[in-house]
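> Structure file query-v3.pdb (PDB, C-alpha atoms) right here:
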ATOM      1  CA  MET A   1      -6.830  20.521  -3.269  1.00  0.00           C
ATOM      2  CA  PHE A   2      -5.662  19.819  -6.801  1.00  0.00           C
ATOM      3  CA  THR A   3      -6.453  20.839 -10.342  1.00  0.00           C
ATOM      4  CA  ILE A   4      -6.182  18.957 -13.636  1.00  0.00           C
ATOM      5  CA  GLU A   5      -5.828  20.743 -16.971  1.00  0.00           C
ATOM      6  CA  HIS A   6      -5.401  19.216 -20.419  1.00  0.00           C
ATOM      7  CA  GLU A   7      -3.117  21.253 -22.655  1.00  0.00           C
ATOM      8  CA  PHE A   8      -1.983  20.641 -26.230  1.00  0.00           C
ATOM      9  CA  ASP A   9       0.938  18.345 -25.392  1.00  0.00           C
ATOM     10  CA  ALA A  10       0.578  17.594 -21.669  1.00  0.00           C
ATOM     11  CA  THR A  11      -1.776  17.010 -18.795  1.00  0.00           C
ATOM     12  CA  VAL A  12      -0.979  19.442 -15.979  1.00  0.00           C
ATOM     13  CA  ILE A  13      -1.804  18.507 -12.388  1.00  0.00           C
ATOM     14  CA  THR A  14      -1.289  21.113  -9.662  1.00  0.00           C
ATOM     15  CA  LEU A  15      -1.238  20.050  -6.018  1.00  0.00           C
ATOM     16  CA  VAL A  16      -2.114  22.935  -3.699  1.00  0.00           C
ATOM     17  CA  ASP A  17      -0.965  22.635  -0.081  1.00  0.00           C
ATOM     18  CA  GLU A  18      -3.842  23.250   2.319  1.00  0.00           C
ATOM     19  CA  LEU A  19      -3.958  23.096   6.083  1.00  0.00           C
ATOM     20  CA  ARG A  20      -6.089  23.926   9.016  1.00  0.00           C
ATOM     21  CA  GLU A  21      -5.407  27.102  10.959  1.00  0.00           C
ATOM     22  CA  GLY A  22      -2.458  26.868  13.375  1.00  0.00           C
ATOM     23  CA  GLN A  23      -0.682  24.002  11.606  1.00  0.00           C
ATOM     24  CA  ARG A  24       2.674  23.950   9.799  1.00  0.00           C
ATOM     25  CA  PRO A  25       3.599  26.600   7.206  1.00  0.00           C
ATOM     26  CA  LEU A  26       2.274  26.077   3.683  1.00  0.00           C
ATOM     27  CA  ASN A  27       4.527  24.498   1.063  1.00  0.00           C
ATOM     28  CA  GLU A  28       4.689  25.827  -2.487  1.00  0.00           C
ATOM     29  CA  ASP A  29       2.358  24.246  -5.052  1.00  0.00           C
ATOM     30  CA  VAL A  30       3.633  21.136  -6.839  1.00  0.00           C
ATOM     31  CA  VAL A  31       3.038  21.093 -10.602  1.00  0.00           C
ATOM     32  CA  ILE A  32       3.126  17.754 -12.450  1.00  0.00           C
ATOM     33  CA  LEU A  33       3.337  17.829 -16.236  1.00  0.00           C
ATOM     34  CA  ALA A  34       2.535  14.467 -17.872  1.00  0.00           C
ATOM     35  CA  PHE A  35       3.790  14.106 -21.452  1.00  0.00           C
ATOM     36  CA  ASP A  36       3.706  11.064 -23.759  1.00  0.00           C
ATOM     37  CA  ASP A  37       7.267  10.039 -22.847  1.00  0.00           C
ATOM     38  CA  ARG A  38       8.031  11.631 -19.451  1.00  0.00           C
ATOM     39  CA  VAL A  39       6.641  13.261 -16.321  1.00  0.00           C
ATOM     40  CA  VAL A  40       8.055  16.549 -15.024  1.00  0.00           C
ATOM     41  CA  ILE A  41       7.566  17.619 -11.392  1.00  0.00           C
ATOM     42  CA  GLU A  42       8.132  21.279 -10.496  1.00  0.00           C
ATOM     43  CA  GLN A  43       8.050  23.236  -7.248  1.00  0.00           C
ATOM     44  CA  ALA A  44       9.136  26.824  -6.582  1.00  0.00           C
ATOM     45  CA  ASP A  45      11.527  27.402  -3.703  1.00  0.00           C
ATOM     46  CA  PRO A  46      10.009  29.169  -0.668  1.00  0.00           C
ATOM     47  CA  ASP A  47      11.369  32.544  -1.850  1.00  0.00           C
ATOM     48  CA  GLY A  48       9.848  32.089  -5.302  1.00  0.00           C
ATOM     49  CA  VAL A  49      13.207  32.790  -6.958  1.00  0.00           C
ATOM     50  CA  ALA A  50      13.959  29.391  -8.517  1.00  0.00           C
ATOM     51  CA  VAL A  51      11.999  26.323  -9.552  1.00  0.00           C
ATOM     52  CA  ALA A  52      13.199  22.803  -8.759  1.00  0.00           C
ATOM     53  CA  ARG A  53      12.463  20.479 -11.672  1.00  0.00           C
ATOM     54  CA  ILE A  54      12.621  16.676 -11.732  1.00  0.00           C
ATOM     55  CA  THR A  55      12.083  14.704 -14.934  1.00  0.00           C
ATOM     56  CA  LEU A  56      11.084  11.030 -14.715  1.00  0.00           C
ATOM     57  CA  SER A  57      10.882   8.578 -17.586  1.00  0.00           C
ATOM     58  CA  LEU A  58       7.697   6.526 -17.732  1.00  0.00           C
ATOM     59  CA  GLU A  59       9.711   3.531 -16.499  1.00  0.00           C
ATOM     60  CA  GLN A  60      10.911   5.504 -13.482  1.00  0.00           C
ATOM     61  CA  LEU A  61       7.325   6.564 -12.791  1.00  0.00           C
ATOM     62  CA  ASP A  62       6.233   2.890 -12.834  1.00  0.00           C
ATOM     63  CA  GLU A  63       9.028   2.059 -10.388  1.00  0.00           C
ATOM     64  CA  LEU A  64       8.048   4.935  -8.098  1.00  0.00           C
ATOM     65  CA  ARG A  65       4.431   3.766  -8.126  1.00  0.00           C
ATOM     66  CA  ALA A  66       5.530   0.239  -7.177  1.00  0.00           C
ATOM     67  CA  ALA A  67       7.994   1.466  -4.523  1.00  0.00           C
ATOM     68  CA  LEU A  68       5.257   3.299  -2.638  1.00  0.00           C
ATOM     69  CA  ASN A  69       3.624  -0.052  -1.847  1.00  0.00           C
ATOM     70  CA  LEU A  70       6.651  -2.268  -1.129  1.00  0.00           C
ATOM     71  CA  PRO A  71       8.725  -2.892   1.995  1.00  0.00           C
ATOM     72  CA  GLU A  72      12.413  -1.984   2.238  1.00  0.00           C
ATOM     73  CA  GLY A  73      14.640  -3.858  -0.239  1.00  0.00           C
ATOM     74  CA  ASN A  74      16.006  -3.940  -3.793  1.00  0.00           C
ATOM     75  CA  TYR A  75      13.621  -4.589  -6.652  1.00  0.00           C
ATOM     76  CA  ARG A  76      13.505  -4.756 -10.449  1.00  0.00           C
ATOM     77  CA  LEU A  77      10.227  -4.613 -12.348  1.00  0.00           C
ATOM     78  CA  GLU A  78       9.882  -7.163 -15.107  1.00  0.00           C
ATOM     79  CA  ARG A  79       9.301  -5.381 -18.431  1.00  0.00           C
ATOM     80  CA  GLU A  80       7.317  -7.021 -21.189  1.00  0.00           C
TER
END
Is it possible to give me this structure as structure tokens?

Amino acid sequence: MFTIEHEFDATVITLVDELREGQRPLNEDVVILAFDDRVVIEQADPDGVAVARITLSLEQLDELRAALNLPEGNYRLERE
């Protein structure tokens, strides 16, 4: 399950971990904040004490998107 919310300066996507009964333990929700110039990914640790935060530039996000569909190797995206 996921939610999408539009706030003043960001779009917030929350990915909620769901599973069928008897499967692995649930992971904490992943929150993705999309700004004009960056994307921030957050997830609380299992104890709920700290939040891990990763900030990607839009260029890094493009590279991640491409990497998900490519075989092993080194690549450089051509920028216009």
> Name the residues that the PyMOL selection byres ((chain A and resi 16) around 12) pulls out of this structure, and write them as a PyMOL selection string.
chain A and resi 1-4+13-15+17-19+26-32+43
> Return the padded bounding box of stretch 12-24 of chain A as lines of an AutoDock Vina configuration file: axis-aligned, built from all atoms listed in the file, 8 Å added on each side, with centre and edge lengths in Å to one decimal.

center_x = -1.7
center_y = 22.8
center_z = -1.3
size_x = 24.8
size_y = 24.6
size_z = 45.4
> Here is a test: counting only C-alpha atoms, which residue of A:Thr55, A:Gln60, A:Asn74, A:Asn69 is nearest to A:Leu33?
A:Thr55
> Rounded to one decimal, what separation in Å do you get between atom CA of A:Arg65 and atom CA of A:Leu77?
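Separation between atom CA of A:Arg65 and atom CA of A:Leu77: 11.0 Å.
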> Would you compute the distance between atom CA of A:Ala34 and atom CA of A:Val12? Give it in Å to one decimal.
6.4 Å
> Counting all atoms listed in the file, which residue out of A:Val51, A:Ala66, A:Ala10, A:Glu72 sits closest to A:Val39?
A:Ala10
> Between atom CA of A:Leu56 and atom CA of A:Val40, what is the distance, to one decimal in Å?
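Calculated distance between atom CA of A:Leu56 and atom CA of A:Val40 is 6.3 Å.
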> Using only C-alpha atoms, determine which residues lie at most 10 Å from A:Leu58, disregarding the query and same-chain residues fewer than 5 positions distant; provide the list as an MDAnalysis selection string.
chainID A and resid 34:39 63:64
> Quick one: apply the PyMOL selection byres ((chain A and resi 79) around 12) to the file and drop the selected residues here as a PyMOL selection string.
chain A and resi 59+62-63+76-78+80
